[in-house]
file structure-v3.txt (compact mmCIF, C-alpha atoms and all ligand atoms)
# COMPACT_ATOMS: atom_id res chain seq x y z
CA MET A 5 -9.45 20.89 3.41
CA LEU A 6 -8.06 24.35 2.72
CA ARG A 7 -6.11 23.52 -0.39
CA ASP A 8 -7.48 22.18 -3.64
CA THR A 9 -5.34 19.07 -3.73
CA TRP A 10 -6.72 15.83 -2.37
CA ALA A 11 -6.57 12.06 -2.64
CA GLU A 12 -9.89 10.29 -2.81
CA ILE A 13 -9.98 6.76 -1.46
CA SER A 14 -12.84 4.41 -2.19
CA LEU A 15 -13.41 2.15 0.80
CA SER A 16 -15.80 0.00 -1.20
CA ARG A 17 -12.97 -0.70 -3.66
CA ILE A 18 -10.72 -1.86 -0.82
CA ARG A 19 -13.47 -4.15 0.45
CA GLU A 20 -14.30 -5.47 -3.01
CA ASN A 21 -10.65 -6.17 -3.80
CA MET A 22 -10.33 -8.18 -0.59
CA GLN A 23 -13.53 -10.07 -1.31
CA THR A 24 -12.33 -10.81 -4.85
CA ILE A 25 -9.05 -12.18 -3.49
CA ARG A 26 -10.94 -14.21 -0.90
CA ARG A 27 -12.95 -15.90 -3.66
CA THR A 28 -9.78 -17.05 -5.45
CA LEU A 29 -8.55 -18.92 -2.36
CA HIS A 30 -9.62 -22.07 -0.59
CA PRO A 31 -12.08 -21.11 2.19
CA SER A 32 -9.74 -22.44 4.88
CA VAL A 33 -6.99 -19.94 3.93
CA LYS A 34 -6.80 -17.01 6.34
CA LEU A 35 -6.43 -13.47 5.06
CA MET A 36 -3.97 -11.04 6.60
CA ALA A 37 -4.41 -7.44 5.46
CA VAL A 38 -1.15 -5.48 5.39
CA VAL A 39 -1.77 -1.85 6.38
CA LYS A 40 1.81 -0.70 7.02
CA ALA A 41 3.04 2.71 5.86
CA ASN A 42 -0.31 4.37 6.57
CA GLY A 43 -2.14 1.70 4.61
CA TYR A 44 0.21 2.12 1.61
CA GLY A 45 -0.72 5.82 1.73
CA HIS A 46 -4.48 5.16 1.83
CA GLY A 47 -4.89 5.72 5.58
CA ASP A 48 -4.07 2.98 8.08
CA LEU A 49 -7.22 3.16 10.21
CA GLU A 50 -9.59 3.45 7.27
CA SER A 51 -7.86 0.62 5.38
CA ALA A 52 -7.83 -1.59 8.46
CA ALA A 53 -11.53 -0.93 9.10
CA ALA A 54 -12.39 -1.62 5.45
CA ALA A 55 -10.37 -4.85 5.54
CA GLU A 56 -12.07 -5.87 8.76
CA SER A 57 -15.51 -5.34 7.28
CA ALA A 58 -14.41 -7.44 4.28
CA GLY A 59 -13.84 -10.25 6.79
CA VAL A 60 -10.05 -10.50 7.07
CA ASP A 61 -8.67 -12.56 9.94
CA TYR A 62 -5.46 -10.70 10.68
CA LEU A 63 -3.74 -7.35 10.17
CA ALA A 64 -0.04 -6.64 9.73
CA VAL A 65 2.17 -3.57 9.94
CA ALA A 66 5.92 -3.08 9.70
CA TYR A 67 6.64 -1.31 13.00
CA LEU A 68 5.51 -1.09 16.60
CA GLU A 69 4.43 2.57 16.28
CA GLU A 70 2.08 1.61 13.47
CA ALA A 71 0.58 -1.19 15.54
CA LEU A 72 0.09 1.09 18.56
CA HIS A 73 -1.66 3.63 16.36
CA LEU A 74 -4.17 1.01 15.23
CA ARG A 75 -4.72 -0.28 18.77
CA ALA A 76 -5.18 3.27 20.11
CA SER A 77 -7.99 3.68 17.61
CA GLY A 78 -9.79 0.60 18.85
CA ILE A 79 -8.79 -1.93 16.18
CA LYS A 80 -8.99 -5.32 17.85
CA LEU A 81 -8.03 -7.84 15.16
CA PRO A 82 -4.91 -9.97 15.66
CA LEU A 83 -2.04 -7.78 14.54
CA LEU A 84 1.41 -8.97 13.42
CA ILE A 85 4.46 -6.68 13.40
CA LEU A 86 6.52 -7.82 10.41
CA THR A 87 9.86 -6.42 11.61
CA PRO A 88 11.48 -7.59 14.86
CA ILE A 89 11.14 -5.05 17.66
CA LYS A 90 13.69 -4.32 20.38
CA PRO A 91 13.41 -6.74 23.31
CA GLU A 92 12.95 -3.81 25.69
CA LEU A 93 9.73 -2.89 23.87
CA VAL A 94 8.16 -6.33 24.07
CA GLN A 95 6.35 -5.59 27.35
CA MET A 96 4.59 -2.69 25.62
CA ALA A 97 3.66 -4.93 22.70
CA LEU A 98 2.24 -7.55 25.08
CA GLU A 99 0.07 -4.96 26.77
CA HIS A 100 -1.47 -4.20 23.40
CA ASP A 101 -1.96 -7.82 22.40
CA LEU A 102 0.44 -7.66 19.44
CA THR A 103 2.03 -10.58 17.60
CA LEU A 104 5.78 -10.37 17.12
CA THR A 105 8.20 -11.50 14.43
CA VAL A 106 11.21 -13.45 15.69
CA THR A 107 14.36 -13.97 13.63
CA SER A 108 17.01 -15.28 16.03
CA ALA A 109 17.85 -17.11 19.24
CA LYS A 110 19.95 -14.13 20.27
CA TRP A 111 16.86 -11.92 20.36
CA PHE A 112 15.10 -14.42 22.60
CA ALA A 113 18.08 -14.64 24.95
CA GLU A 114 18.04 -10.84 25.30
CA LEU A 115 14.30 -10.87 25.86
CA ARG A 116 14.51 -13.49 28.60
CA LYS A 117 16.84 -11.28 30.61
CA LEU A 118 14.02 -8.73 30.67
CA ILE A 119 10.91 -10.92 30.73
CA PRO A 120 11.73 -14.33 32.27
CA TYR A 121 8.06 -15.25 32.14
CA ALA A 122 5.25 -13.36 30.43
CA ALA A 123 2.87 -13.16 33.36
CA SER A 124 0.42 -10.95 31.51
CA GLY A 125 -0.41 -13.42 28.77
CA LYS A 126 1.27 -15.30 25.97
CA LEU A 127 4.19 -14.20 23.89
CA ARG A 128 2.54 -14.71 20.52
CA ILE A 129 5.12 -14.94 17.76
CA HIS A 130 5.68 -15.73 14.08
CA VAL A 131 9.12 -17.02 13.15
CA LYS A 132 10.51 -15.44 9.99
CA MET A 133 12.55 -17.61 7.64
CA ASP A 134 14.87 -16.22 4.95
CA THR A 135 14.49 -18.37 1.85
CA GLY A 136 16.32 -16.02 -0.50
CA LEU A 137 15.18 -12.42 -0.14
CA GLY A 138 18.19 -11.88 2.13
CA ARG A 139 16.42 -9.32 4.26
CA ILE A 140 15.48 -10.72 7.66
CA GLY A 141 15.01 -14.22 8.99
CA ILE A 142 16.59 -17.55 9.73
CA ARG A 143 18.62 -19.00 6.87
CA THR A 144 20.19 -22.16 8.25
CA GLN A 145 19.04 -25.23 10.10
CA GLN A 146 21.61 -24.46 12.80
CA GLU A 147 20.03 -21.08 13.48
CA TRP A 148 16.64 -22.78 13.68
CA ASP A 149 17.94 -25.45 16.07
CA GLU A 150 19.31 -22.71 18.33
CA LEU A 151 15.95 -20.95 18.39
CA VAL A 152 13.75 -24.01 19.06
CA PRO A 153 14.50 -24.38 22.80
CA TRP A 154 13.36 -20.79 23.36
CA LEU A 155 10.14 -21.55 21.50
CA ARG A 156 9.34 -24.48 23.80
CA ALA A 157 8.78 -22.17 26.77
CA GLU A 158 5.30 -22.43 28.23
CA ASP A 159 4.44 -18.77 27.73
CA VAL A 160 5.36 -18.84 24.02
CA GLU A 161 2.76 -19.45 21.37
CA VAL A 162 4.17 -20.09 17.89
CA ASP A 163 1.25 -18.67 15.96
CA GLY A 164 3.13 -18.58 12.66
CA PHE A 165 6.15 -19.59 10.58
CA TYR A 166 6.71 -17.59 7.42
CA THR A 167 8.90 -16.33 4.62
CA HIS A 168 8.69 -13.66 1.91
CA PHE A 169 9.38 -13.95 -1.83
CA ALA A 170 11.78 -11.75 -3.77
CA THR A 171 10.44 -12.14 -7.31
CA ALA A 172 6.71 -12.90 -7.03
CA GLY A 173 5.89 -10.05 -9.41
CA GLN A 174 8.37 -11.13 -12.10
CA ALA A 175 7.40 -13.12 -15.18
CA ASP A 176 10.25 -15.59 -14.62
CA THR A 177 9.21 -17.96 -11.85
CA GLY A 178 12.54 -19.78 -11.43
CA PHE A 179 13.69 -18.04 -8.26
CA LEU A 180 10.21 -18.10 -6.76
CA GLU A 181 10.12 -21.87 -7.22
CA GLN A 182 13.53 -22.18 -5.52
CA GLN A 183 12.31 -20.10 -2.58
CA ALA A 184 9.10 -22.10 -2.33
CA ALA A 185 11.07 -25.37 -2.36
CA ARG A 186 13.39 -24.06 0.34
CA PHE A 187 10.38 -23.04 2.44
CA LEU A 188 8.92 -26.55 2.15
CA GLU A 189 12.23 -27.93 3.50
CA MET A 190 12.10 -25.45 6.36
CA LYS A 191 8.49 -26.35 7.04
CA GLU A 192 9.75 -29.85 7.75
CA TRP A 193 12.11 -28.42 10.37
CA GLY A 194 9.05 -26.83 11.93
CA ARG A 195 6.98 -30.00 11.77
CA SER A 196 9.72 -32.27 13.11
CA SER A 197 10.39 -29.93 16.05
CA GLY A 198 7.11 -31.04 17.58
CA LEU A 199 6.15 -27.42 18.27
CA ALA A 200 2.47 -26.61 17.76
CA ILE A 201 2.93 -24.14 14.91
CA ARG A 202 -0.45 -22.74 13.95
CA HIS A 203 0.04 -21.05 10.56
CA TYR A 204 2.57 -21.56 7.80
CA HIS A 205 2.54 -18.70 5.28
CA CYS A 206 4.67 -17.40 2.44
CA ALA A 207 2.56 -15.55 -0.14
CA GLY A 208 2.15 -11.79 -0.45
CA SER A 209 -0.19 -10.28 -3.04
CA ALA A 210 1.52 -11.29 -6.27
CA ALA A 211 2.27 -14.85 -5.18
CA ALA A 212 -1.24 -15.39 -3.77
CA LEU A 213 -2.90 -14.13 -6.96
CA ARG A 214 -0.64 -16.00 -9.35
CA PHE A 215 -0.17 -19.24 -7.44
CA PRO A 216 -3.10 -19.97 -5.09
CA GLN A 217 -1.43 -23.30 -4.36
CA LEU A 218 1.19 -21.31 -2.37
CA ALA A 219 -1.45 -19.87 -0.04
CA MET A 220 -0.89 -22.54 2.67
CA ASP A 221 -2.65 -21.47 5.90
CA MET A 222 -2.63 -17.72 5.31
CA VAL A 223 -1.79 -15.04 2.73
CA ARG A 224 -0.48 -11.55 3.49
CA ILE A 225 -2.22 -9.10 1.22
CA GLY A 226 -1.01 -5.52 0.95
CA ALA A 227 -0.66 -4.15 -2.59
CA ALA A 228 -3.57 -6.09 -4.10
CA MET A 229 -6.02 -4.84 -1.49
CA TYR A 230 -5.40 -1.31 -2.77
CA GLY A 231 -5.66 -2.50 -6.38
CA PHE A 232 -1.93 -2.82 -7.16
CA TYR A 233 -0.98 -6.09 -8.83
CA PRO A 234 0.96 -7.40 -11.84
CA GLU A 235 -2.05 -7.26 -14.15
CA LYS A 236 -0.28 -8.87 -17.10
CA LEU A 237 0.62 -11.92 -15.04
CA VAL A 238 -2.74 -12.32 -13.32
CA ARG A 239 -5.49 -13.10 -15.77
CA SER A 240 -7.90 -14.73 -13.36
CA VAL A 241 -9.02 -11.68 -11.37
CA LYS A 242 -9.66 -8.00 -11.90
CA LEU A 243 -8.83 -5.64 -9.05
CA GLU A 244 -9.47 -1.91 -9.06
CA PRO A 245 -7.27 0.86 -7.68
CA ALA A 246 -8.81 2.49 -4.61
CA LEU A 247 -6.99 5.80 -4.76
CA SER A 248 -7.39 8.76 -7.08
CA LEU A 249 -5.60 12.11 -6.83
CA HIS A 250 -6.98 15.48 -7.85
CA SER A 251 -6.21 19.17 -7.81
CA ARG A 252 -7.45 22.35 -9.51
CA LEU A 253 -5.80 24.90 -11.77
CA ILE A 254 -4.76 27.97 -9.79
CA GLN A 255 -3.50 30.01 -12.73
CA VAL A 256 -3.70 29.87 -16.51
CA LYS A 257 -1.35 31.93 -18.66
CA ARG A 258 -0.12 32.38 -22.19
CA LEU A 259 3.54 31.79 -23.01
CA ALA A 260 4.96 33.20 -26.22
CA LYS A 261 7.17 31.03 -28.41
CA GLY A 262 10.66 30.98 -26.85
CA ASP A 263 9.55 31.91 -23.31
CA TYR A 264 11.05 29.90 -20.49
CA LEU A 265 9.21 28.17 -17.71
CA GLY A 266 10.25 26.45 -14.49
CA TYR A 267 13.41 26.35 -12.37
CA ASP A 268 16.66 26.26 -14.32
CA ASN A 269 14.71 27.32 -17.42
CA SER A 270 13.81 23.69 -17.69
CA TYR A 271 11.19 24.24 -20.42
CA GLN A 272 11.03 26.58 -23.40
CA ALA A 273 7.78 27.16 -25.29
CA GLU A 274 7.99 25.67 -28.79
CA GLU A 275 5.11 27.88 -29.93
CA ASP A 276 2.60 30.22 -28.30
CA GLU A 277 1.19 27.99 -25.58
CA TRP A 278 -1.39 27.87 -22.79
CA ILE A 279 0.08 26.86 -19.45
CA GLY A 280 -1.80 25.90 -16.30
CA THR A 281 -0.33 25.87 -12.79
CA VAL A 282 -1.38 23.08 -10.42
CA PRO A 283 -0.85 23.33 -6.64
CA ILE A 284 0.96 20.03 -6.09
CA GLY A 285 4.70 19.43 -6.06
CA TYR A 286 7.45 17.19 -4.87
CA ALA A 287 6.78 17.97 -1.21
CA ASP A 288 3.40 16.32 -1.78
CA GLY A 289 5.07 13.27 -3.26
CA TRP A 290 4.85 14.22 -6.94
CA ASN A 291 8.57 13.97 -7.48
CA GLN A 292 10.67 15.45 -10.26
CA ARG A 293 10.82 12.18 -12.16
CA MET A 294 7.15 12.78 -12.98
CA GLN A 295 8.16 15.61 -15.34
CA GLY A 296 6.91 14.75 -18.82
CA THR A 297 4.05 12.52 -17.60
CA ASP A 298 0.38 13.36 -18.17
CA VAL A 299 -2.49 14.60 -16.04
CA LEU A 300 -6.15 14.84 -17.06
CA VAL A 301 -7.95 18.14 -17.66
CA GLU A 302 -11.43 18.37 -19.15
CA GLY A 303 -11.30 14.66 -19.92
CA ARG A 304 -8.08 14.95 -21.93
CA ARG A 305 -4.40 14.38 -21.33
CA ALA A 306 -2.10 17.34 -20.62
CA LYS A 307 1.68 17.06 -20.15
CA ILE A 308 3.68 18.25 -17.12
CA VAL A 309 6.26 20.69 -18.51
CA GLY A 310 9.36 22.08 -16.80
CA LYS A 311 10.82 20.87 -13.52
CA ILE A 312 8.29 20.03 -10.84
CA CYS A 313 8.61 22.53 -7.97
CA MET A 314 8.20 21.83 -4.25
CA ASP A 315 4.61 23.12 -4.16
CA GLN A 316 3.47 23.48 -7.76
CA LEU A 317 3.85 22.11 -11.24
CA MET A 318 2.94 23.42 -14.68
CA ILE A 319 1.06 21.69 -17.47
CA LYS A 320 0.63 22.46 -21.13
CA LEU A 321 -3.06 23.01 -21.96
CA PRO A 322 -4.60 22.50 -25.40
CA ARG A 323 -6.68 25.64 -24.85
CA PRO A 324 -7.32 28.13 -22.04
CA CYS A 325 -9.33 26.62 -19.18
CA PRO A 326 -10.91 28.50 -16.29
CA GLU A 327 -9.01 28.66 -13.03
CA GLY A 328 -10.50 26.09 -10.68
CA THR A 329 -10.73 23.47 -13.43
CA LEU A 330 -10.32 19.95 -12.04
CA VAL A 331 -6.95 18.30 -12.68
CA THR A 332 -6.75 14.56 -12.14
CA LEU A 333 -3.27 13.14 -11.56
CA ILE A 334 -4.44 9.60 -10.78
CA GLY A 335 -7.87 8.36 -11.78
CA ARG A 336 -10.54 8.83 -14.39
CA GLN A 337 -12.07 11.71 -16.26
CA GLY A 338 -14.68 10.49 -18.69
CA ALA A 339 -13.14 7.88 -20.98
CA GLU A 340 -9.55 8.79 -20.07
CA ARG A 341 -7.75 7.24 -17.18
CA ILE A 342 -4.32 7.55 -15.58
CA THR A 343 -3.36 4.65 -13.36
CA ILE A 344 -0.54 4.36 -10.87
CA ALA A 345 0.54 1.31 -12.86
CA GLU A 346 1.04 3.51 -15.94
CA LEU A 347 3.13 5.99 -13.94
CA ALA A 348 5.20 3.38 -12.12
CA GLU A 349 6.27 1.38 -15.16
CA PRO A 350 8.56 3.94 -16.87
CA LEU A 351 9.91 5.01 -13.47
CA GLY A 352 10.83 1.40 -12.75
CA CYS A 353 9.25 1.65 -9.31
CA ALA A 354 6.61 -0.31 -7.46
CA GLN A 355 3.07 1.08 -7.68
CA GLN A 356 2.96 1.41 -3.92
CA GLU A 357 6.07 3.59 -4.04
CA ILE A 358 3.87 6.28 -5.59
CA SER A 359 0.97 5.95 -3.16
CA THR A 360 3.22 5.78 -0.09
CA SER A 361 5.08 8.88 -1.28
CA LEU A 362 1.96 11.04 -1.07
CA SER A 363 2.83 13.18 1.92
CA SER A 364 0.70 14.20 4.87
CA ARG A 365 0.15 17.52 3.10
CA VAL A 366 -2.26 15.76 0.73
CA THR A 367 -5.67 15.52 2.40
CA ARG A 368 -7.27 12.07 2.14
CA THR A 369 -11.00 12.00 1.60
CA TYR A 370 -13.01 8.80 1.83
CA THR A 371 -15.94 7.73 -0.28
CA GLU A 372 -18.10 4.68 0.12
CA TYR A 373 -19.61 4.37 -3.28
CA GLU A 374 -18.66 4.57 -6.87
CA GLU A 375 -20.98 7.51 -7.63
CA THR A 376 -18.54 10.05 -6.29
CA ARG A 377 -16.07 9.22 -8.97
CA THR A 378 -18.77 9.49 -11.60
CA LEU A 379 -19.77 12.86 -10.22
CA VAL A 380 -16.21 14.10 -10.45
CA ASP A 381 -16.20 12.92 -14.05
CA SER A 382 -19.40 14.66 -14.96
CA MET A 383 -18.30 17.86 -13.22
CA THR A 384 -15.11 17.81 -15.20
CA LEU A 385 -16.91 17.38 -18.43
CA GLY A 386 -19.23 20.25 -17.67
CA LEU A 387 -22.23 17.93 -17.42
CA TRP A 388 -22.96 18.75 -13.82
CA ASN A 389 -25.72 20.74 -12.24
CA GLU A 390 -26.08 22.39 -8.81
CA HIS A 391 -27.69 19.31 -7.34
CA MET A 392 -24.74 17.11 -8.17
CA ILE A 393 -22.20 19.51 -6.73
CA ILE A 394 -24.09 19.69 -3.45
CA ASP A 395 -24.32 15.91 -3.40
CA HIS A 396 -20.65 15.59 -4.02
CA ALA A 397 -19.69 18.09 -1.32
CA GLU A 398 -21.97 16.42 1.21
CA HIS A 399 -20.65 13.04 0.33
CA GLN A 400 -17.11 14.11 1.01
CA ILE A 401 -17.97 15.83 4.26
CA CYS A 402 -19.90 12.78 5.45
CA ASN A 403 -16.92 10.59 4.81
CA LEU A 404 -14.14 12.73 6.18
C1 LIG A 501 4.84 -5.63 2.90
C2 LIG A 501 4.85 -7.09 3.13
C3 LIG A 501 3.81 -7.88 2.63
C4 LIG A 501 2.75 -7.36 1.70
O1 LIG A 501 3.22 -7.50 0.39
P1 LIG A 501 2.31 -7.07 -0.87
O2 LIG A 501 3.11 -7.47 -2.03
O3 LIG A 501 2.12 -5.60 -0.76
O4 LIG A 501 1.04 -7.81 -0.73
C5 LIG A 501 3.80 -9.22 2.95
N1 LIG A 501 4.78 -9.75 3.73
C6 LIG A 501 5.80 -9.03 4.20
C7 LIG A 501 6.83 -9.70 5.03
C8 LIG A 501 5.88 -7.67 3.91
O5 LIG A 501 6.91 -6.97 4.38
call {"tool": "encode", "arguments": {"input": "structure-v3.txt", "output": "structure tokens", "more": "lines below"}}
Ligand SMILES: *Cc1c(COP(=O)(O)O)cnc(C)c1O
result
Amino acid sequence: MLRDTWAEISLSRIRENMQTIRRTLHPSVKLMAVVKANGYGHGDLESAAAAESAGVDYLAVAYLEEALHLRASGIKLPLLILTPIKPELVQMALEHDLTLTVTSAKWFAELRKLIPYAASGKLRIHVKMDTGLGRIGIRTQQEWDELVPWLRAEDVEVDGFYTHFATAGQADTGFLEQQAARFLEMKEWGRSSGLAIRHYHCAGSAAALRFPQLAMDMVRIGAAMYGFYPEKLVRSVKLEPALSLHSRLIQVKRLAKGDYLGYDNSYQAEEDEWIGTVPIGYADGWNQRMQGTDVLVEGRRAKIVGKICMDQLMIKLPRPCPEGTLVTLIGRQGAERITIAELAEPLGCAQQEISTSLSSRVTRTYTEYEETRTLVDSMTLGLWNEHMIIDHAEHQICNL
């Protein structure tokens, strides 16, 4: 790592979150860990490996490229691609033992022109039903009836039948109940078809945590594995965020009252002020809507002032701090803590929108144990000694 800006991901947190979720569910419910979008920004391989060691049964990603990346790295768990892939790519998916999402008879007809019979193994599929999200899937019984004959082929294995909720994170459960009721009707279509459908599933993180009775045969856990969940609506469990984000001051300066700062003179000093420059900007995923939010320095909150630049941002310091001082954008310093949940709420975005926005320019470091975080805290607060710094550095190197 050549630049002093890094995300620190606790693999033990990811494992513990999964184990916590496991304990809330009936033991027969299978766990699918969703590691799309580079593991929601936490690293796809590392997240998949952590989920595997927490005992999950399945993995899921959004796209074929993501699945191939996991397979190329030796991940062997059953792996579902949540978005339909082009029929001409199915042969490649079969060679890598991937499970496909199917949303129409038309797709199957196209596929059969290319692969009349899957000689090299089964076509393992999950049928996606649209119960109200309006994104992908089968909406009507007629569409289902058209698909069924294709599913009866000998080389097809209907491993799953699923839907996805639109409002599982909202306080009002009315629409969720409608979707769940619709899915139960559709489940009957599945049952009465006589097909051997192995898993019925509908719940993502929020639904699984709030309504364990919706877990059915399997739950698809993305957000909650990384510690993102609607905390106010889920009293029964406590999950912890796995990711923290840090940088270091690269310059500290004095502005006189009335001086401008930032592009477009976006800030003017109200008094004589200390300003610190932090080497992280919107090209790292810290977008301009973050202007006015806080970071932590020396265990205290400091505000981002002026427009956030592509590569840097400026903060208002209560007093001059040495260059190199740790700046925490997400995570803890002593008693203070900034969570992604706190940042996401006023922006009106999902928590995972922030973690997935962290660009490839932000180095990810991996830590096993909680101590690393504590060490960062004590370093920040000036409580550290040589020994601890060495420990910390070694720890990070060991886990890179
Ligand atoms: C992303 C995704 C999930 C995971 O949802 P979380 O709320 O992050 O747990 C589950 N199912 C589908 C279809 C998805 O696209």
call {"tool": "closest_residue", "arguments": {"input": "structure-v3.txt", "among": "A:Lys34, A:Leu317, A:Gln174, A:Ala76", "to": "Val60 (chain A)", "atoms": "only C-alpha atoms"}}
result
A:Lys34
call {"tool": "residues_near_ligand", "arguments": {"input": "structure-v3.txt", "ligand": "ligand LIG 501 (chain A)", "cutoff": "7 Å", "atoms": "all atoms listed in the file", "output": "list in words"}}
result
Val38, Ala66, Leu86, Thr167, His168, Gly208, Ser209, Ala210, Arg224, Ile225, Gly226, Ala227 and Ala228 of chain A
call {"tool": "closest_residue", "arguments": {"input": "structure-v3.txt", "among": "A:Leu127, A:Val106, A:Ile358, A:Leu247", "to": "Glu161 (chain A)", "atoms": "only C-alpha atoms"}}
result
A:Leu127
call {"tool": "closest_atom_pairs", "arguments": {"input": "structure-v3.txt", "of": "region 281-303 of chain A", "to": "region 346-356 of chain A", "cutoff": "12 Å", "atoms": "only C-alpha atoms", "output": "tab-separated table"}}
result
residue	atom	partner	partner_atom	distance
A:Trp290	CA	A:Leu347	CA	10.9
A:Asn291	CA	A:Leu351	CA	10.9
A:Gln292	CA	A:Leu351	CA	10.9
A:Arg293	CA	A:Leu351	CA	7.3
A:Met294	CA	A:Leu347	CA	7.9
A:Gln295	CA	A:Leu351	CA	10.9
A:Gly296	CA	A:Leu347	CA	10.7
A:Thr297	CA	A:Leu347	CA	7.5
A:Asp298	CA	A:Leu347	CA	8.9
A:Val299	CA	A:Leu347	CA	10.5
call {"tool": "closest_residue", "arguments": {"input": "structure-v3.txt", "among": "A:Pro216, A:Gly335, A:Pro326, A:Gly280", "to": "Val33 (chain A)", "atoms": "all atoms listed in the file"}}
result
A:Pro216
call {"tool": "closest_residue", "arguments": {"input": "structure-v3.txt", "among": "A:Glu357, A:Gln183, A:Ile119, A:Pro245", "to": "Glu12 (chain A)", "atoms": "all atoms listed in the file"}}
result
A:Pro245
call {"tool": "residues_around", "arguments": {"input": "structure-v3.txt", "residues": "Glu372 (chain A)", "least_positions_apart": "5", "cutoff": "7 Å", "atoms": "only C-alpha atoms", "output": "number ranges by chain"}}
result
A: 14-16
call {"tool": "residues_around", "arguments": {"input": "structure-v3.txt", "residues": "Ser32 (chain A)", "least_positions_apart": "5", "cutoff": "10 Å", "atoms": "only C-alpha atoms", "output": "NGL selection string"}}
result
:A and (219-222)
call {"tool": "atom_distance", "arguments": {"input": "structure-v3.txt", "atom1": "CA of Arg323 (chain A)", "atom2": "CA of Met5 (chain A)"}}
result
28.8 Å
call {"tool": "atom_distance", "arguments": {"input": "structure-v3.txt", "atom1": "CA of Val309 (chain A)", "atom2": "CA of Leu259 (chain A)"}}
result
12.3 Å
call {"tool": "closest_residue", "arguments": {"input": "structure-v3.txt", "among": "A:Gly164, A:Glu92, A:Asp8, A:Arg128", "to": "Leu253 (chain A)", "atoms": "only C-alpha atoms"}}
result
A:Asp8
call {"tool": "atom_distance", "arguments": {"input": "structure-v3.txt", "atom1": "CA of Ser363 (chain A)", "atom2": "CA of Asn42 (chain A)"}}
result
10.4 Å
call {"tool": "residues_around", "arguments": {"input": "structure-v3.txt", "residues": "Leu243 (chain A)", "least_positions_apart": "4", "cutoff": "8 Å", "atoms": "all atoms listed in the file", "output": "ChimeraX atom specification"}}
result
/A:21,24,228,231-233
call {"tool": "residues_around", "arguments": {"input": "structure-v3.txt", "residues": "Gln95 (chain A)", "least_positions_apart": "4", "cutoff": "10 Å", "atoms": "all atoms listed in the file", "output": "PyMOL selection string"}}
result
chain A and resi 91+99-101+115+118-119+122+124+127
call {"tool": "residues_around", "arguments": {"input": "structure-v3.txt", "residues": "Gly45 (chain A)", "least_positions_apart": "4", "cutoff": "10 Å", "atoms": "only C-alpha atoms", "output": "JSON, numbers by chain"}}
result
{"A": [11, 13, 39, 40, 41, 51, 230, 247, 356, 357, 358, 359, 360, 361, 362, 363, 364, 368]}
